[in-house]
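Trainee: Got a structure here, written out as structure tokens. Questions coming.
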Amino acid sequence: NEDCWYVLTTDPGYGVQITFLNFHLQDRLPPVSSSVSGECADYIVLHLPLGGRPSPRLCGTILSAGSKVFSPADTALVLHFVTDATDERSGFTALIQSLPADLLTSNVVWAD
């Protein structure tokens with residue numbers, strides 16, 4: 001079982017961008033298997049920026065290869081990764097970059 005917090009910062013005028021190269025975490029738990037059915041057992045939550053509204057729990061294969069998210073320039077990005085010891089998947093690989101504000105891009109939108 002792991003509960004990992006990564007706070008990513010960069011130089012003034014720059015922002016942090018994450019590009020997910022692959023993403024395959026454990027899917028949501030089925031209704032009959034657990035008292036926390038429908039919840040993600042392994043997941044990532046992103047805070048863009050630090051102190052901002054967190055993303056929903058990201059699990060399963062919800063993010064496709066090439067999904068990009070970023071924190072605005074001069075702010076920190078927080079990646080919170082939680083995993084348990086059951087039902088292993090391949091995990092995720094991400095490219096983390098420090099980029100000037102005018103080069104930051106995102107192609108992921110969180111539903112309210």
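Numbering starts fresh at 1 for the residues of each chain in the structure tokens, the chains themselves are lettered A, B, ... in the order given, and ligands are numbered from 1 as they appear.
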When you look at segment 56-59 of chain A with a cut-off of 10 Å (counting only C-alpha atoms), what residues show up, excluding the ones that are within fewer than 6 positions of it in the same chain? I need them as a PDB file with N, CA, C and O atoms, in the first residue's frame.

Mentor:
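This went into part.pdb:
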ATOM      1  N   PHE A  23      -1.457   4.915 -19.189  1.00  0.00           N
ATOM      2  CA  PHE A  23      -2.209   5.023 -17.934  1.00  0.00           C
ATOM      3  C   PHE A  23      -3.117   3.811 -17.818  1.00  0.00           C
ATOM      4  O   PHE A  23      -4.079   3.670 -18.579  1.00  0.00           O
ATOM      5  N   HIS A  24      -2.784   2.921 -16.898  1.00  0.00           N
ATOM      6  CA  HIS A  24      -3.608   1.729 -16.677  1.00  0.00           C
ATOM      7  C   HIS A  24      -3.528   1.334 -15.206  1.00  0.00           C
ATOM      8  O   HIS A  24      -2.669   0.551 -14.802  1.00  0.00           O
ATOM      9  N   LEU A  25      -4.440   1.900 -14.434  1.00  0.00           N
ATOM     10  CA  LEU A  25      -4.541   1.577 -13.010  1.00  0.00           C
ATOM     11  C   LEU A  25      -5.745   0.667 -12.805  1.00  0.00           C
ATOM     12  O   LEU A  25      -6.554   0.472 -13.705  1.00  0.00           O
ATOM     13  N   GLN A  26      -5.856   0.122 -11.600  1.00  0.00           N
ATOM     14  CA  GLN A  26      -6.996  -0.739 -11.280  1.00  0.00           C
ATOM     15  C   GLN A  26      -8.298   0.018 -11.531  1.00  0.00           C
ATOM     16  O   GLN A  26      -8.420   1.200 -11.206  1.00  0.00           O
ATOM     17  N   ASP A  27      -9.276  -0.658 -12.110  1.00  0.00           N
ATOM     18  CA  ASP A  27     -10.582  -0.057 -12.379  1.00  0.00           C
ATOM     19  C   ASP A  27     -11.347   0.155 -11.076  1.00  0.00           C
ATOM     20  O   ASP A  27     -10.949  -0.336 -10.011  1.00  0.00           O
ATOM     21  N   ARG A  28     -12.479   0.839 -11.183  1.00  0.00           N
ATOM     22  CA  ARG A  28     -13.360   1.009 -10.008  1.00  0.00           C
ATOM     23  C   ARG A  28     -13.788  -0.357  -9.494  1.00  0.00           C
ATOM     24  O   ARG A  28     -13.963  -1.287 -10.258  1.00  0.00           O
ATOM     25  N   GLU A  39     -15.700   2.874  -6.035  1.00  0.00           N
ATOM     26  CA  GLU A  39     -14.563   3.745  -5.755  1.00  0.00           C
ATOM     27  C   GLU A  39     -13.317   3.212  -6.444  1.00  0.00           C
ATOM     28  O   GLU A  39     -13.200   2.023  -6.711  1.00  0.00           O
ATOM     29  N   CYS A  40     -12.395   4.087  -6.726  1.00  0.00           N
ATOM     30  CA  CYS A  40     -11.103   3.683  -7.283  1.00  0.00           C
ATOM     31  C   CYS A  40     -10.218   3.172  -6.149  1.00  0.00           C
ATOM     32  O   CYS A  40     -10.070   3.844  -5.129  1.00  0.00           O
ATOM     33  N   ALA A  41      -9.645   1.988  -6.316  1.00  0.00           N
ATOM     34  CA  ALA A  41      -8.715   1.460  -5.320  1.00  0.00           C
ATOM     35  C   ALA A  41      -7.317   2.034  -5.550  1.00  0.00           C
ATOM     36  O   ALA A  41      -6.616   2.390  -4.615  1.00  0.00           O
ATOM     37  N   ASP A  42      -6.901   2.098  -6.810  1.00  0.00           N
ATOM     38  CA  ASP A  42      -5.640   2.726  -7.198  1.00  0.00           C
ATOM     39  C   ASP A  42      -6.016   3.951  -8.022  1.00  0.00           C
ATOM     40  O   ASP A  42      -6.828   3.854  -8.939  1.00  0.00           O
ATOM     41  N   TYR A  43      -5.430   5.109  -7.709  1.00  0.00           N
ATOM     42  CA  TYR A  43      -5.840   6.315  -8.422  1.00  0.00           C
ATOM     43  C   TYR A  43      -4.810   7.423  -8.311  1.00  0.00           C
ATOM     44  O   TYR A  43      -3.903   7.382  -7.472  1.00  0.00           O
ATOM     45  N   ILE A  44      -4.989   8.409  -9.160  1.00  0.00           N
ATOM     46  CA  ILE A  44      -4.236   9.666  -9.113  1.00  0.00           C
ATOM     47  C   ILE A  44      -5.251  10.783  -8.943  1.00  0.00           C
ATOM     48  O   ILE A  44      -6.318  10.774  -9.551  1.00  0.00           O
ATOM     49  N   VAL A  45      -4.894  11.765  -8.119  1.00  0.00           N
ATOM     50  CA  VAL A  45      -5.636  13.019  -8.029  1.00  0.00           C
ATOM     51  C   VAL A  45      -4.627  14.120  -8.316  1.00  0.00           C
ATOM     52  O   VAL A  45      -3.525  14.121  -7.766  1.00  0.00           O
ATOM     53  N   LEU A  46      -4.994  15.058  -9.188  1.00  0.00           N
ATOM     54  CA  LEU A  46      -4.135  16.185  -9.528  1.00  0.00           C
ATOM     55  C   LEU A  46      -4.695  17.461  -8.933  1.00  0.00           C
ATOM     56  O   LEU A  46      -5.905  17.690  -8.965  1.00  0.00           O
ATOM     57  N   HIS A  47      -3.815  18.279  -8.388  1.00  0.00           N
ATOM     58  CA  HIS A  47      -4.182  19.607  -7.883  1.00  0.00           C
ATOM     59  C   HIS A  47      -3.464  20.599  -8.791  1.00  0.00           C
ATOM     60  O   HIS A  47      -2.234  20.689  -8.766  1.00  0.00           O
ATOM     61  N   HIS A  80      -1.060  13.268  -6.553  1.00  0.00           N
ATOM     62  CA  HIS A  80      -1.294  12.388  -5.406  1.00  0.00           C
ATOM     63  C   HIS A  80      -1.621  11.006  -5.964  1.00  0.00           C
ATOM     64  O   HIS A  80      -2.619  10.836  -6.661  1.00  0.00           O
ATOM     65  N   PHE A  81      -0.778  10.018  -5.674  1.00  0.00           N
ATOM     66  CA  PHE A  81      -0.943   8.657  -6.190  1.00  0.00           C
ATOM     67  C   PHE A  81      -1.185   7.713  -5.028  1.00  0.00           C
ATOM     68  O   PHE A  81      -0.415   7.682  -4.067  1.00  0.00           O
ATOM     69  N   VAL A  82      -2.278   6.939  -5.108  1.00  0.00           N
ATOM     70  CA  VAL A  82      -2.640   5.972  -4.065  1.00  0.00           C
ATOM     71  C   VAL A  82      -2.787   4.607  -4.725  1.00  0.00           C
ATOM     72  O   VAL A  82      -3.417   4.473  -5.772  1.00  0.00           O
ATOM     73  N   GLY A  91       0.225   0.347 -14.427  1.00  0.00           N
ATOM     74  CA  GLY A  91       0.539   1.634 -13.817  1.00  0.00           C
ATOM     75  C   GLY A  91       0.479   2.770 -14.818  1.00  0.00           C
ATOM     76  O   GLY A  91      -0.324   2.769 -15.738  1.00  0.00           O
ATOM     77  N   TRP A 110     -12.028  18.225 -16.819  1.00  0.00           N
ATOM     78  CA  TRP A 110     -12.722  17.506 -15.737  1.00  0.00           C
ATOM     79  C   TRP A 110     -14.194  17.856 -15.790  1.00  0.00           C
ATOM     80  O   TRP A 110     -14.569  19.014 -15.886  1.00  0.00           O
ATOM     81  N   ALA A 111     -15.041  16.866 -15.696  1.00  0.00           N
ATOM     82  CA  ALA A 111     -16.482  17.106 -15.620  1.00  0.00           C
ATOM     83  C   ALA A 111     -16.835  17.565 -14.212  1.00  0.00           C
ATOM     84  O   ALA A 111     -16.251  17.107 -13.235  1.00  0.00           O
ATOM     85  N   ASP A 112     -17.770  18.476 -14.109  1.00  0.00           N
ATOM     86  CA  ASP A 112     -18.201  18.958 -12.784  1.00  0.00           C
ATOM     87  C   ASP A 112     -19.176  18.003 -12.157  1.00  0.00           C
ATOM     88  O   ASP A 112     -19.875  17.288 -12.755  1.00  0.00           O
TER      89      ASP A 112
END

Trainee: Show me, as JSON, numbers by chain, the residues that have an atom within 10 Å of segment 98-108 of chain A when counting only C-alpha atoms, minus same-chain residues fewer than 3 positions from it.

Mentor: {"A": [8, 9, 10, 11, 12, 13, 14, 15, 16, 17, 18, 19, 63, 64, 66, 67, 68, 69, 70, 71, 72, 73, 74, 111]}

Trainee: Between atom CA of Thr93 of chain A and atom CA of Leu79 of chain A, what is the distance, to one decimal in Å?

Mentor: 12.8 Å

Trainee: So which one's closest to Thr86 of chain A, A:Ile62, A:Asn1, A:Phe20, A:Val7? Using only C-alpha atoms, please.

Mentor: A:Asn1

Trainee: Just the strand (DSSP E) stuff from segment 7-108 of chain A, please, per backbone DSSP, written as a ChimeraX atom specification.

Mentor: /A:7-8,14-24,43-47,67-70,77-83,91-100

Trainee: For atom CA of Gly52 of chain A and atom CA of Leu21 of chain A, determine how far apart the two atoms are, in Å to one decimal place.

Mentor: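 Between atom CA of Gly52 of chain A and atom CA of Leu21 of chain A the gap works out to 24.4 Å.
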
Trainee: Could you state the separation of atom CA of Thr83 of chain A and atom CA of Val109 of chain A in Å, given to one decimal place?

Mentor: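 Separation of atom CA of Thr83 of chain A and atom CA of Val109 of chain A: 23.6 Å.
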